[in-house]
$ cat protein_37.tsv   # TSV, C-alpha atoms
chain	number	residue	atom	x	y	z
A	1	MET	CA	10.53	-74.70	-46.97
A	2	LYS	CA	9.11	-71.36	-45.86
A	3	ARG	CA	6.24	-73.09	-44.06
A	4	ILE	CA	8.68	-75.35	-42.24
A	5	VAL	CA	10.70	-72.37	-41.04
A	6	ILE	CA	7.58	-70.52	-39.87
A	7	ARG	CA	6.34	-73.62	-38.07
A	8	ALA	CA	9.72	-74.05	-36.37
A	9	VAL	CA	9.71	-70.43	-35.24
A	10	LEU	CA	6.19	-70.77	-33.86
A	11	PHE	CA	7.15	-73.92	-31.95
A	12	ALA	CA	10.22	-72.14	-30.56
A	13	VAL	CA	8.17	-69.13	-29.41
A	14	ALA	CA	5.57	-71.42	-27.83
A	15	GLY	CA	8.33	-73.33	-26.07
A	16	ILE	CA	9.92	-70.18	-24.68
A	17	ALA	CA	6.51	-68.93	-23.52
A	18	SER	CA	5.88	-72.25	-21.77
A	19	ILE	CA	9.25	-72.09	-20.02
A	20	ILE	CA	8.66	-68.52	-18.84
A	21	GLY	CA	5.11	-69.32	-17.71
A	22	GLY	CA	6.34	-72.41	-15.89
A	23	PHE	CA	9.05	-70.43	-14.15
A	24	PHE	CA	6.56	-67.85	-12.89
A	25	LEU	CA	4.27	-70.65	-11.71
A	26	TYR	CA	7.22	-72.24	-9.91
A	27	LEU	CA	7.98	-68.95	-8.15
A	28	ARG	CA	4.36	-68.64	-7.07
A	29	LEU	CA	4.14	-72.20	-5.76
A	30	THR	CA	7.48	-72.06	-3.93
A	31	GLU	CA	6.96	-68.70	-2.24
A	32	PRO	CA	7.06	-68.87	1.55
A	33	ASN	CA	3.79	-68.61	3.46
A	34	PRO	CA	3.51	-65.33	5.43
A	35	ALA	CA	1.34	-67.16	7.99
A	36	HIS	CA	4.43	-69.13	9.02
A	37	GLY	CA	6.80	-66.14	9.13
A	38	PRO	CA	7.80	-63.78	11.96
A	39	VAL	CA	5.31	-61.08	10.87
A	40	ALA	CA	2.31	-63.35	11.55
A	41	PRO	CA	2.43	-63.25	15.38
A	42	VAL	CA	2.89	-59.47	15.31
A	43	LYS	CA	-0.15	-59.15	13.05
A	44	GLN	CA	-2.16	-61.43	15.32
A	45	GLN	CA	-1.22	-59.41	18.39
A	46	LEU	CA	-2.33	-56.17	16.73
A	47	GLY	CA	-5.70	-57.67	15.78
A	48	GLU	CA	-8.14	-55.98	13.45
A	49	VAL	CA	-7.09	-52.38	12.77
A	50	THR	CA	-9.21	-49.46	11.63
A	51	TYR	CA	-7.56	-46.47	10.02
A	52	HIS	CA	-8.93	-43.01	9.27
A	53	PRO	CA	-9.34	-42.12	5.57
A	54	LEU	CA	-7.12	-39.18	4.66
A	55	THR	CA	-8.93	-36.64	2.53
A	56	ILE	CA	-7.52	-33.63	0.72
A	57	GLU	CA	-9.81	-30.62	1.12
A	58	GLY	CA	-10.16	-28.81	-2.19
A	59	ASP	CA	-8.54	-31.49	-4.36
A	60	PRO	CA	-10.34	-31.12	-7.71
A	61	THR	CA	-9.41	-34.61	-8.91
A	62	GLY	CA	-9.39	-36.68	-5.72
A	63	ASP	CA	-12.91	-37.96	-6.38
A	64	ASN	CA	-11.95	-39.58	-9.69
A	65	TYR	CA	-10.06	-42.84	-9.08
A	66	GLY	CA	-8.47	-41.64	-5.88
A	67	ILE	CA	-5.09	-40.80	-4.37
A	68	TYR	CA	-2.06	-42.93	-3.50
A	69	ASP	CA	1.74	-42.94	-2.92
A	70	PRO	CA	2.03	-40.53	0.04
A	71	SER	CA	5.26	-38.77	1.00
A	72	ILE	CA	5.31	-36.36	3.94
A	73	GLU	CA	7.93	-33.85	5.04
A	74	TYR	CA	7.63	-31.10	7.64
A	75	SER	CA	9.15	-27.64	7.79
A	76	ARG	CA	12.33	-27.14	9.78
A	77	ASP	CA	10.38	-26.01	12.87
A	78	GLY	CA	7.88	-28.89	12.56
A	79	THR	CA	4.81	-26.67	12.27
A	80	VAL	CA	3.88	-27.11	8.59
A	81	GLY	CA	3.47	-30.49	6.97
A	82	TRP	CA	3.67	-31.09	3.24
A	83	LEU	CA	2.14	-34.15	1.58
A	84	LEU	CA	3.14	-35.25	-1.89
A	85	TYR	CA	0.80	-37.83	-3.44
A	86	SER	CA	-0.35	-39.42	-6.69
A	87	SER	CA	-3.75	-38.53	-8.13
A	88	VAL	CA	-5.25	-41.05	-10.58
A	89	THR	CA	-7.58	-39.65	-13.25
A	90	GLY	CA	-8.82	-40.22	-16.79
A	91	GLU	CA	-11.73	-42.13	-18.23
A	92	TYR	CA	-10.20	-45.54	-18.73
A	93	LYS	CA	-11.33	-48.90	-17.34
A	94	PRO	CA	-10.70	-50.45	-14.93
A	95	VAL	CA	-8.87	-47.40	-13.54
A	96	GLY	CA	-7.72	-44.07	-14.93
A	97	LYS	CA	-4.82	-43.76	-17.34
A	98	TYR	CA	-3.26	-40.59	-15.89
A	99	VAL	CA	-1.17	-40.44	-12.71
A	100	HIS	CA	-0.24	-36.92	-11.55
A	101	THR	CA	1.85	-35.64	-8.64
A	102	CYS	CA	-0.05	-33.32	-6.31
A	103	LEU	CA	0.75	-31.42	-3.11
A	104	ALA	CA	-1.24	-30.79	0.07
A	105	LYS	CA	-0.50	-28.91	3.29
A	106	SER	CA	-1.30	-29.40	6.99
A	107	ILE	CA	-0.93	-26.92	9.84
A	108	ASP	CA	-2.43	-29.21	12.51
A	109	HIS	CA	0.15	-32.03	12.46
A	110	GLY	CA	-1.73	-34.19	9.98
A	111	ARG	CA	-5.24	-33.95	11.37
A	112	THR	CA	-6.43	-32.25	8.15
A	113	TRP	CA	-4.89	-31.61	4.74
A	114	THR	CA	-5.60	-28.86	2.21
A	115	TYR	CA	-4.91	-29.04	-1.51
A	116	VAL	CA	-2.09	-26.79	-2.75
A	117	GLY	CA	-1.72	-27.76	-6.40
A	118	ARG	CA	-0.47	-30.14	-9.05
A	119	ILE	CA	3.28	-30.33	-9.66
A	120	ASN	CA	3.64	-33.06	-12.30
A	121	THR	CA	0.90	-33.40	-14.90
A	122	SER	CA	0.35	-36.74	-16.62
A	123	ALA	CA	-0.76	-36.31	-20.23
A	124	ASP	CA	-1.31	-38.06	-23.56
A	125	ALA	CA	1.83	-38.58	-25.62
A	126	THR	CA	3.32	-40.57	-28.47
A	127	LEU	CA	6.32	-42.76	-27.69
A	128	ASP	CA	9.15	-42.87	-30.22
A	129	LEU	CA	10.16	-46.54	-30.55
A	130	GLY	CA	12.75	-45.88	-33.24
A	131	ASP	CA	12.82	-46.96	-36.88
A	132	GLY	CA	9.79	-44.81	-37.53
A	133	LYS	CA	7.61	-46.75	-35.08
A	134	THR	CA	5.47	-44.99	-32.50
A	135	LEU	CA	3.02	-45.93	-29.78
A	136	ALA	CA	0.14	-43.90	-28.34
A	137	GLY	CA	-0.23	-43.63	-24.59
A	138	ALA	CA	0.61	-41.29	-21.73
A	139	TRP	CA	3.47	-40.25	-19.49
A	140	ARG	CA	2.80	-41.07	-15.85
A	141	TYR	CA	4.34	-39.82	-12.59
A	142	GLU	CA	4.28	-42.27	-9.68
A	143	VAL	CA	5.75	-42.98	-6.23
A	144	SER	CA	7.19	-39.51	-5.67
A	145	THR	CA	9.16	-38.60	-2.55
A	146	LEU	CA	9.62	-35.16	-1.01
A	147	VAL	CA	12.67	-34.11	1.02
A	148	ARG	CA	13.95	-30.95	2.67
A	149	ASP	CA	17.58	-30.66	1.57
A	150	ASP	CA	18.72	-27.76	3.75
A	151	GLY	CA	21.40	-25.53	2.28
A	152	ALA	CA	21.04	-26.57	-1.35
A	153	PRO	CA	21.88	-23.54	-3.54
A	154	GLU	CA	18.88	-24.13	-5.82
A	155	GLY	CA	16.48	-24.26	-2.85
A	156	ASP	CA	15.87	-26.43	0.20
A	157	TRP	CA	13.21	-28.67	-1.35
A	158	LYS	CA	13.53	-31.57	-3.75
A	159	LEU	CA	11.16	-34.14	-5.15
A	160	PHE	CA	12.04	-37.37	-6.92
A	161	VAL	CA	9.47	-39.18	-9.04
A	162	HIS	CA	9.29	-42.24	-11.29
A	163	LYS	CA	8.28	-41.04	-14.76
A	164	TYR	CA	7.41	-43.76	-17.26
A	165	PHE	CA	5.32	-44.41	-20.34
A	166	TRP	CA	1.97	-46.20	-20.22
A	167	SER	CA	0.09	-47.61	-23.19
A	168	PRO	CA	-3.30	-49.37	-23.29
A	169	LYS	CA	-1.63	-51.98	-25.52
A	170	LYS	CA	1.37	-52.69	-23.27
A	171	ASP	CA	0.42	-51.25	-19.86
A	172	ARG	CA	3.35	-49.87	-17.84
A	173	MET	CA	6.52	-49.69	-19.93
A	174	PHE	CA	9.16	-49.29	-17.24
A	175	ALA	CA	12.04	-49.61	-19.72
A	176	TYR	CA	10.83	-46.28	-21.09
A	177	GLY	CA	11.11	-44.55	-17.75
A	178	TRP	CA	13.51	-42.89	-15.33
A	179	ILE	CA	13.72	-41.12	-11.99
A	180	ALA	CA	13.22	-37.39	-12.44
A	181	MET	CA	14.07	-34.64	-9.96
A	182	ARG	CA	12.68	-31.15	-9.41
A	183	THR	CA	13.78	-28.47	-6.95
A	184	ALA	CA	12.15	-25.48	-5.24
A	185	ARG	CA	12.76	-22.88	-2.56
A	186	ASP	CA	9.26	-23.44	-1.22
A	187	PRO	CA	7.08	-26.56	-1.61
A	188	ALA	CA	4.21	-24.38	-2.83
A	189	GLY	CA	6.40	-23.50	-5.81
A	190	PRO	CA	7.53	-22.51	-8.26
A	191	TRP	CA	9.29	-25.79	-9.06
A	192	SER	CA	12.18	-26.17	-11.46
A	193	ALA	CA	11.90	-27.97	-14.77
A	194	GLU	CA	12.22	-31.76	-14.66
A	195	ILE	CA	15.74	-33.15	-14.54
A	196	PRO	CA	16.04	-36.72	-15.92
A	197	LEU	CA	18.27	-38.00	-13.12
A	198	PHE	CA	18.57	-41.80	-12.81
A	199	GLY	CA	18.60	-44.41	-15.54
A	200	ALA	CA	19.40	-48.14	-15.54
A	201	GLY	CA	22.09	-49.26	-17.98
A	202	LYS	CA	20.69	-48.87	-21.50
A	203	ASN	CA	17.27	-47.91	-20.14
A	204	PRO	CA	15.62	-45.70	-21.10
A	205	PRO	CA	16.56	-46.38	-24.74
A	206	ALA	CA	17.12	-43.69	-27.35
A	207	PRO	CA	15.86	-41.09	-27.95
A	208	TYR	CA	15.13	-40.81	-24.21
A	209	HIS	CA	18.60	-41.86	-23.00
A	210	GLU	CA	19.45	-38.51	-21.39
A	211	THR	CA	19.62	-39.32	-17.67
A	212	ARG	CA	22.51	-37.82	-15.70
A	213	VAL	CA	23.38	-40.92	-13.68
A	214	ASP	CA	23.41	-44.58	-14.68
A	215	LEU	CA	22.68	-46.24	-11.35
A	216	ASN	CA	23.81	-49.60	-12.73
A	217	SER	CA	27.34	-48.21	-13.00
A	218	LEU	CA	27.61	-47.22	-9.33
A	219	HIS	CA	28.26	-50.74	-8.05
A	220	ALA	CA	28.46	-54.34	-9.22
A	221	ASP	CA	25.37	-55.16	-7.12
A	222	LEU	CA	23.31	-53.01	-9.52
A	223	ARG	CA	24.65	-53.99	-12.93
A	224	HIS	CA	21.74	-56.27	-13.91
A	225	GLN	CA	18.83	-54.04	-12.86
A	226	VAL	CA	16.19	-53.13	-15.43
A	227	THR	CA	14.77	-50.03	-13.77
A	228	TYR	CA	14.39	-48.27	-10.41
A	229	SER	CA	11.32	-47.10	-8.54
A	230	GLU	CA	9.66	-46.74	-5.10
A	231	MET	CA	12.03	-44.17	-3.59
A	232	GLY	CA	12.38	-42.95	-0.02
A	233	SER	CA	14.34	-39.83	0.94
A	234	LEU	CA	16.09	-38.38	3.98
A	235	SER	CA	18.55	-35.56	4.58
A	236	HIS	CA	20.88	-35.71	7.59
A	237	ASP	CA	24.03	-33.75	8.45
A	238	GLY	CA	24.14	-32.27	4.95
A	239	ILE	CA	23.96	-35.67	3.25
A	240	LEU	CA	21.01	-36.62	1.05
A	241	TYR	CA	20.01	-40.29	1.21
A	242	LEU	CA	17.69	-42.20	-1.11
A	243	SER	CA	16.39	-45.71	-0.61
A	244	ILE	CA	15.36	-47.06	-3.96
A	245	GLY	CA	13.80	-50.24	-5.26
A	246	ALA	CA	15.87	-52.04	-7.88
A	247	MET	CA	13.78	-53.99	-10.37
A	248	TRP	CA	14.70	-56.85	-12.67
A	249	ILE	CA	12.73	-58.91	-15.18
A	250	LEU	CA	10.83	-60.81	-12.47
A	251	GLY	CA	9.81	-57.70	-10.52
A	252	PRO	CA	11.15	-56.19	-7.27
A	253	ASP	CA	14.66	-57.45	-6.57
A	254	LYS	CA	16.24	-55.45	-3.75
A	255	ILE	CA	16.20	-52.16	-1.89
A	256	VAL	CA	19.45	-50.21	-2.01
A	257	LEU	CA	20.75	-47.05	-0.33
A	258	ILE	CA	22.51	-44.31	-2.28
A	259	ARG	CA	23.61	-40.87	-1.14
A	260	SER	CA	24.82	-37.49	-2.31
A	261	ARG	CA	27.19	-35.23	-0.38
A	262	ASP	CA	26.71	-32.29	-2.76
A	263	HIS	CA	22.92	-31.77	-2.96
A	264	ALA	CA	22.23	-34.35	-5.73
A	265	ARG	CA	25.04	-33.35	-8.10
A	266	THR	CA	26.95	-36.62	-7.66
A	267	TRP	CA	25.86	-39.92	-6.16
A	268	GLU	CA	27.45	-42.95	-4.54
A	269	TYR	CA	26.25	-46.42	-3.66
A	270	VAL	CA	26.14	-47.12	0.08
A	271	ARG	CA	24.76	-50.62	0.50
A	272	THR	CA	22.03	-53.08	-0.38
A	273	LEU	CA	19.54	-52.80	2.48
A	274	ALA	CA	17.21	-55.71	1.77
A	275	THR	CA	17.12	-58.58	-0.71
A	276	ARG	CA	14.69	-61.29	-1.79
A	277	ASP	CA	16.41	-63.61	0.69
A	278	ASP	CA	15.56	-61.13	3.46
A	279	ALA	CA	11.96	-61.14	2.25
A	280	LYS	CA	11.84	-64.94	2.27
A	281	ALA	CA	13.09	-65.01	5.86
A	282	LEU	CA	10.11	-62.82	6.72
A	283	GLY	CA	7.71	-65.12	4.86
A	284	TYR	CA	7.34	-63.10	1.64
A	285	GLY	CA	8.53	-63.04	-1.94
A	286	TRP	CA	9.95	-59.52	-2.00
A	287	LEU	CA	10.24	-56.16	-0.24
A	288	ASP	CA	9.53	-52.87	-2.02
A	289	GLY	CA	7.72	-49.56	-1.48
A	290	SER	CA	10.59	-48.11	0.55
A	291	SER	CA	10.68	-44.96	2.63
A	292	LEU	CA	13.27	-43.40	4.93
A	293	THR	CA	12.48	-41.52	8.12
A	294	GLU	CA	13.96	-40.14	11.31
A	295	ASP	CA	12.29	-40.30	14.71
A	296	HIS	CA	13.95	-38.50	17.63
A	297	GLY	CA	17.47	-39.21	16.47
A	298	ARG	CA	16.85	-42.76	15.24
A	299	PHE	CA	16.68	-43.70	11.56
A	300	PHE	CA	14.35	-46.20	9.91
A	301	LEU	CA	13.60	-47.93	6.64
A	302	LEU	CA	9.93	-48.56	5.89
A	303	ALA	CA	9.31	-51.38	3.42
A	304	THR	CA	6.30	-53.21	2.05
A	305	PRO	CA	6.38	-57.02	2.06
A	306	GLY	CA	4.67	-58.71	-0.85
A	307	SER	CA	4.13	-61.91	-2.75
A	308	HIS	CA	2.07	-63.28	-5.62
A	309	LYS	CA	-0.60	-64.18	-3.06
A	310	LEU	CA	-0.92	-60.60	-1.73
A	311	MET	CA	0.90	-57.85	-3.57
A	312	HIS	CA	1.33	-55.51	-0.58
A	313	ASP	CA	0.89	-56.72	3.00
A	314	GLY	CA	1.26	-53.54	5.03
A	315	THR	CA	4.45	-51.87	6.20
A	316	ILE	CA	7.39	-53.32	8.11
A	317	VAL	CA	9.69	-50.88	9.91
A	318	PHE	CA	13.40	-51.65	10.24
A	319	GLU	CA	15.78	-49.56	12.35
A	320	PHE	CA	19.24	-48.62	11.14
A	321	GLU	CA	22.23	-49.80	13.11
A	322	SER	CA	24.22	-47.23	11.15
A	323	LEU	CA	22.78	-44.88	8.55
A	324	ASP	CA	26.27	-43.88	7.40
A	325	GLN	CA	27.17	-47.51	6.66
A	326	GLY	CA	23.69	-48.43	5.45
A	327	ALA	CA	23.41	-51.20	8.04
A	328	LEU	CA	20.01	-52.29	9.37
A	329	LYS	CA	19.63	-54.05	12.70
A	330	ARG	CA	19.61	-57.84	12.35
A	331	ASP	CA	19.16	-60.75	14.73
A	332	SER	CA	21.76	-63.38	15.63
A	333	ASP	CA	20.85	-65.35	12.48
A	334	GLY	CA	21.43	-62.35	10.25
A	335	HIS	CA	17.74	-61.78	9.55
A	336	LEU	CA	16.24	-58.29	9.53
A	337	ALA	CA	14.91	-57.28	12.96
A	338	ILE	CA	11.34	-55.99	12.94
A	339	ALA	CA	11.04	-52.67	14.80
A	340	ALA	CA	7.31	-52.25	14.09
A	341	TYR	CA	4.60	-53.49	11.76
A	342	PHE	CA	1.55	-51.71	10.34
A	343	PRO	CA	-0.94	-54.20	8.84
A	344	PRO	CA	-3.56	-53.50	6.18
A	345	GLN	CA	-7.11	-52.82	7.30
A	346	GLY	CA	-8.61	-56.28	6.90
A	347	SER	CA	-12.18	-55.12	6.39
A	348	ILE	CA	-11.28	-53.62	3.00
A	349	LEU	CA	-8.44	-55.96	2.04
A	350	SER	CA	-8.13	-57.08	-1.59
A	351	GLY	CA	-5.33	-58.49	-3.75
A	352	PRO	CA	-3.35	-55.27	-4.27
A	353	GLY	CA	-3.27	-54.83	-0.48
A	354	ALA	CA	-1.69	-51.90	1.35
A	355	GLY	CA	1.74	-50.47	2.10
A	356	GLN	CA	4.16	-47.95	0.53
A	357	SER	CA	3.75	-45.81	3.63
A	358	ASP	CA	5.52	-42.72	4.91
A	359	TYR	CA	6.13	-41.19	8.32
A	360	ASP	CA	7.30	-37.98	9.95
A	361	GLU	CA	7.83	-37.52	13.67
A	362	HIS	CA	5.89	-34.23	13.54
A	363	ASN	CA	2.78	-35.86	12.03
A	364	THR	CA	1.47	-36.57	15.52
A	365	ALA	CA	-2.25	-36.23	14.72
A	366	GLY	CA	-2.08	-38.66	11.81
A	367	GLY	CA	0.83	-40.93	12.61
A	368	LEU	CA	2.16	-43.14	9.85
A	369	ILE	CA	0.14	-42.73	6.66
A	370	MET	CA	-0.57	-45.74	4.49
A	371	PRO	CA	-2.20	-46.15	1.08
A	372	GLN	CA	-4.59	-49.07	0.62
A	373	PHE	CA	-6.48	-50.33	-2.40
A	374	ASN	CA	-10.20	-50.38	-1.60
A	375	LEU	CA	-12.43	-52.23	-4.08
A	376	HIS	CA	-15.48	-51.47	-1.91
A	377	LYS	CA	-15.28	-47.83	-3.04
A	378	TYR	CA	-14.93	-48.42	-6.77
A	379	PRO	CA	-14.18	-46.37	-8.81
A	380	HIS	CA	-12.39	-44.48	-5.97
A	381	VAL	CA	-10.17	-47.48	-5.29
A	382	PHE	CA	-6.95	-45.61	-4.51
A	383	GLN	CA	-7.04	-44.32	-0.94
A	384	ILE	CA	-4.66	-43.05	1.75
A	385	PHE	CA	-5.22	-43.63	5.47
A	386	SER	CA	-3.90	-42.08	8.66
A	387	THR	CA	-3.07	-44.95	10.97
A	388	GLY	CA	-2.90	-42.78	14.09
A	389	ARG	CA	0.16	-44.78	15.23
A	390	MET	CA	3.62	-43.36	15.81
A	391	LEU	CA	6.81	-45.39	15.83
A	392	PRO	CA	7.53	-47.10	19.17
A	393	PRO	CA	10.01	-45.49	21.59
A	394	PRO	CA	13.43	-47.13	22.03

$ encode --input "protein_37.tsv" --output "structure tokens"
Amino acid sequence: MKRIVIRAVLFAVAGIASIIGGFFLYLRLTEPNPAHGPVAPVKQQLGEVTYHPLTIEGDPTGDNYGIYDPSIEYSRDGTVGWLLYSSVTGEYKPVGKYVHTCLAKSIDHGRTWTYVGRINTSADATLDLGDGKTLAGAWRYEVSTLVRDDGAPEGDWKLFVHKYFWSPKKDRMFAYGWIAMRTARDPAGPWSAEIPLFGAGKNPPAPYHETRVDLNSLHADLRHQVTYSEMGSLSHDGILYLSIGAMWILGPDKIVLIRSRDHARTWEYVRTLATRDDAKALGYGWLDGSSLTEDHGRFFLLATPGSHKLMHDGTIVFEFESLDQGALKRDSDGHLAIAAYFPPQGSILSGPGAGQSDYDEHNTAGGLIMPQFNLHKYPHVFQIFSTGRMLPPP
């Protein structure tokens, strides 16, 4: 009898695995073809692009596996630029196991960058799984965003970062993760202790369930999300805005806009900015890697289109019709209107692609900055590039 039960369980597990595998295969086969979407003619018109590698002078770890996830913000007078980025280190194949948050500075509008220091340090840890079970791995800090929140009593500068647990046995464990916040009066520091800010429903589970805000509870549109990542930030008229990628079991789901009117003490849902249907209309499977920016009084969402064929296919720029209402400009059919597009550099293109860019109107010597995975430079595969392009005028 016991053997029969075990055999039945094994058949059931195999059946479920087949269903899940078949569903993922179906998604891959039914994804739209970017070559037939509205981005394709824009890409063709731009032709082959060549970007300038962004290097951090004095970065002690930048020559390990490289740097990624850029976020730039300039001082109030536009003379000093600050660059927050991920640094990937640690002897682990195929790439390092640690992801830190580091800071660099520019006083020539993005022509050169100088290392300032490390803010978040990724390190070995043991995850408490409950019931006496543990798992060895490391805490990682990824996709950070830096914003100048003028007038905040704890200091004008904030960073938000996705902190999650990584294990060589399970890879990235996003359920055991959250969005953390730190504050400072000066980007060079000192920075406050980490504040576990945003969670997603029951995630992270105990004993890590200490986040201040359950984003899933802010609106019905968010109630089924598994985790949140890929943030963009912007402060305008005393209001702090965050674009944030909402994830579900099949990966990136939507990009939403939330805001705080009291310097990150309380938060409210504004609107869903982009969905998988919006991505399909553009010829892709999803949109993620968001960023928010202002350029001479206009406001923009930067997003990375992706699919199972090419994970990140550059950066699409969408202009806001109304930042306050969270409304992006759309065409007569209701599809997102493309304000600009920044393609990957084709000569180094590989499956992970490029995107997750950031922009500041004062970064005139570097323009929009874009990370791109570069297998030709292994092991230094994570790289950031200055595109040299600014956003187009109205």

$ closest_residue --input "protein_37.tsv" --among "A:Leu250, A:Met181, A:Ala354, A:Ala264" --to "Leu146 of chain A" --atoms "all atoms listed in the file"
A:Met181

$ residues_around --input "protein_37.tsv" --residues "segment 35-43 of chain A" --least-positions-apart "5" --cutoff "7 Å" --atoms "all atoms listed in the file" --output "compact mmCIF listing (two decimals) with C-alpha atoms, in the frame of the given file"
# COMPACT_ATOMS: atom_id res chain seq x y z
CA LEU A 282 10.11 -62.82 6.72
CA GLY A 283 7.71 -65.12 4.86
CA PRO A 343 -0.94 -54.20 8.84

$ closest_residue --input "protein_37.tsv" --among "A:Arg223, A:Thr211, A:Ala281, A:Gly155" --to "Trp191 of chain A" --atoms "all atoms listed in the file"
A:Gly155

$ residues_around --input "protein_37.tsv" --residues "Phe174 of chain A" --least-positions-apart "6" --cutoff "12 Å" --atoms "all atoms listed in the file" --output "PyMOL selection string"
chain A and resi 139-142+162-167+199-200+203-205+225-229+246-249+251

$ closest_residue --input "protein_37.tsv" --among "A:Pro252, A:Leu240, A:Tyr115, A:Gly245" --to "Trp267 of chain A" --atoms "all atoms listed in the file"
A:Leu240

$ closest_residue --input "protein_37.tsv" --among "A:Ala220, A:Ile258, A:Ile244, A:Leu302" --to "Asp358 of chain A" --atoms "all atoms listed in the file"
A:Leu302

$ residues_around --input "protein_37.tsv" --residues "segment 72-89 of chain A" --least-positions-apart "5" --cutoff "9 Å" --atoms "only C-alpha atoms" --output "PDB file with C-alpha atoms, in the coordinates of the input"
ATOM      1  CA  THR A  61      -9.410 -34.610  -8.910  1.00  0.00           C
ATOM      2  CA  GLY A  62      -9.390 -36.680  -5.720  1.00  0.00           C
ATOM      3  CA  ASP A  63     -12.910 -37.960  -6.380  1.00  0.00           C
ATOM      4  CA  ASN A  64     -11.950 -39.580  -9.690  1.00  0.00           C
ATOM      5  CA  TYR A  65     -10.060 -42.840  -9.080  1.00  0.00           C
ATOM      6  CA  GLY A  66      -8.470 -41.640  -5.880  1.00  0.00           C
ATOM      7  CA  ILE A  67      -5.090 -40.800  -4.370  1.00  0.00           C
ATOM      8  CA  VAL A  95      -8.870 -47.400 -13.540  1.00  0.00           C
ATOM      9  CA  GLY A  96      -7.720 -44.070 -14.930  1.00  0.00           C
ATOM     10  CA  LYS A  97      -4.820 -43.760 -17.340  1.00  0.00           C
ATOM     11  CA  TYR A  98      -3.260 -40.590 -15.890  1.00  0.00           C
ATOM     12  CA  VAL A  99      -1.170 -40.440 -12.710  1.00  0.00           C
ATOM     13  CA  HIS A 100      -0.240 -36.920 -11.550  1.00  0.00           C
ATOM     14  CA  THR A 101       1.850 -35.640  -8.640  1.00  0.00           C
ATOM     15  CA  CYS A 102      -0.050 -33.320  -6.310  1.00  0.00           C
ATOM     16  CA  LEU A 103       0.750 -31.420  -3.110  1.00  0.00           C
ATOM     17  CA  ALA A 104      -1.240 -30.790   0.070  1.00  0.00           C
ATOM     18  CA  LYS A 105      -0.500 -28.910   3.290  1.00  0.00           C
ATOM     19  CA  SER A 106      -1.300 -29.400   6.990  1.00  0.00           C
ATOM     20  CA  ILE A 107      -0.930 -26.920   9.840  1.00  0.00           C
ATOM     21  CA  ASP A 108      -2.430 -29.210  12.510  1.00  0.00           C
ATOM     22  CA  HIS A 109       0.150 -32.030  12.460  1.00  0.00           C
ATOM     23  CA  GLY A 110      -1.730 -34.190   9.980  1.00  0.00           C
ATOM     24  CA  TRP A 113      -4.890 -31.610   4.740  1.00  0.00           C
ATOM     25  CA  TYR A 141       4.340 -39.820 -12.590  1.00  0.00           C
ATOM     26  CA  GLU A 142       4.280 -42.270  -9.680  1.00  0.00           C
ATOM     27  CA  VAL A 143       5.750 -42.980  -6.230  1.00  0.00           C
ATOM     28  CA  SER A 144       7.190 -39.510  -5.670  1.00  0.00           C
ATOM     29  CA  THR A 145       9.160 -38.600  -2.550  1.00  0.00           C
ATOM     30  CA  LEU A 146       9.620 -35.160  -1.010  1.00  0.00           C
ATOM     31  CA  VAL A 147      12.670 -34.110   1.020  1.00  0.00           C
ATOM     32  CA  ARG A 148      13.950 -30.950   2.670  1.00  0.00           C
ATOM     33  CA  ASP A 150      18.720 -27.760   3.750  1.00  0.00           C
ATOM     34  CA  LEU A 159      11.160 -34.140  -5.150  1.00  0.00           C
ATOM     35  CA  PRO A 187       7.080 -26.560  -1.610  1.00  0.00           C
ATOM     36  CA  ASP A 358       5.520 -42.720   4.910  1.00  0.00           C
ATOM     37  CA  TYR A 359       6.130 -41.190   8.320  1.00  0.00           C
ATOM     38  CA  ASP A 360       7.300 -37.980   9.950  1.00  0.00           C
ATOM     39  CA  GLU A 361       7.830 -37.520  13.670  1.00  0.00           C
ATOM     40  CA  HIS A 362       5.890 -34.230  13.540  1.00  0.00           C
ATOM     41  CA  ASN A 363       2.780 -35.860  12.030  1.00  0.00           C
ATOM     42  CA  ILE A 369       0.140 -42.730   6.660  1.00  0.00           C
ATOM     43  CA  PHE A 382      -6.950 -45.610  -4.510  1.00  0.00           C
TER      44      PHE A 382
END

$ closest_atom_pairs --input "protein_37.tsv" --of "segment 91-195 of chain A" --to "segment 260-263 of chain A" --cutoff "10 Å" --atoms "all atoms listed in the file" --output "JSON lines"
{"residue": "A:Asp149", "atom": "CA", "partner": "A:His263", "partner_atom": "CA", "distance": 7.1}
{"residue": "A:Asp150", "atom": "CA", "partner": "A:His263", "partner_atom": "CA", "distance": 8.9}
{"residue": "A:Gly151", "atom": "CA", "partner": "A:His263", "partner_atom": "CA", "distance": 8.3}
{"residue": "A:Ala152", "atom": "CA", "partner": "A:His263", "partner_atom": "CA", "distance": 5.8}
{"residue": "A:Pro153", "atom": "CA", "partner": "A:His263", "partner_atom": "CA", "distance": 8.3}
{"residue": "A:Glu154", "atom": "CA", "partner": "A:His263", "partner_atom": "CA", "distance": 9.1}
{"residue": "A:Gly155", "atom": "CA", "partner": "A:His263", "partner_atom": "CA", "distance": 9.9}
{"residue": "A:Asp156", "atom": "CA", "partner": "A:His263", "partner_atom": "CA", "distance": 9.4}
{"residue": "A:Lys158", "atom": "CA", "partner": "A:His263", "partner_atom": "CA", "distance": 9.4}

$ atom_distance --input "protein_37.tsv" --atom1 "atom CA of Gly326 of chain A" --atom2 "atom CA of Tyr269 of chain A"
9.7 Å

$ atom_distance --input "protein_37.tsv" --atom1 "atom CA of Phe198 of chain A" --atom2 "atom CA of Lys254 of chain A"
16.5 Å

$ residues_around --input "protein_37.tsv" --residues "His376 of chain A" --least-positions-apart "4" --cutoff "10 Å" --atoms "only C-alpha atoms" --output "mmCIF file with C-alpha atoms, in the frame of the given file"
data_model
loop_
_atom_site.group_PDB
_atom_site.id
_atom_site.type_symbol
_atom_site.label_atom_id
_atom_site.label_comp_id
_atom_site.auth_asym_id
_atom_site.auth_seq_id
_atom_site.Cartn_x
_atom_site.Cartn_y
_atom_site.Cartn_z
ATOM 1 C CA SER A 347 -12.180 -55.120 6.390
ATOM 2 C CA ILE A 348 -11.280 -53.620 3.000
ATOM 3 C CA LEU A 349 -8.440 -55.960 2.040
ATOM 4 C CA SER A 350 -8.130 -57.080 -1.590
ATOM 5 C CA HIS A 380 -12.390 -44.480 -5.970
ATOM 6 C CA VAL A 381 -10.170 -47.480 -5.290
#
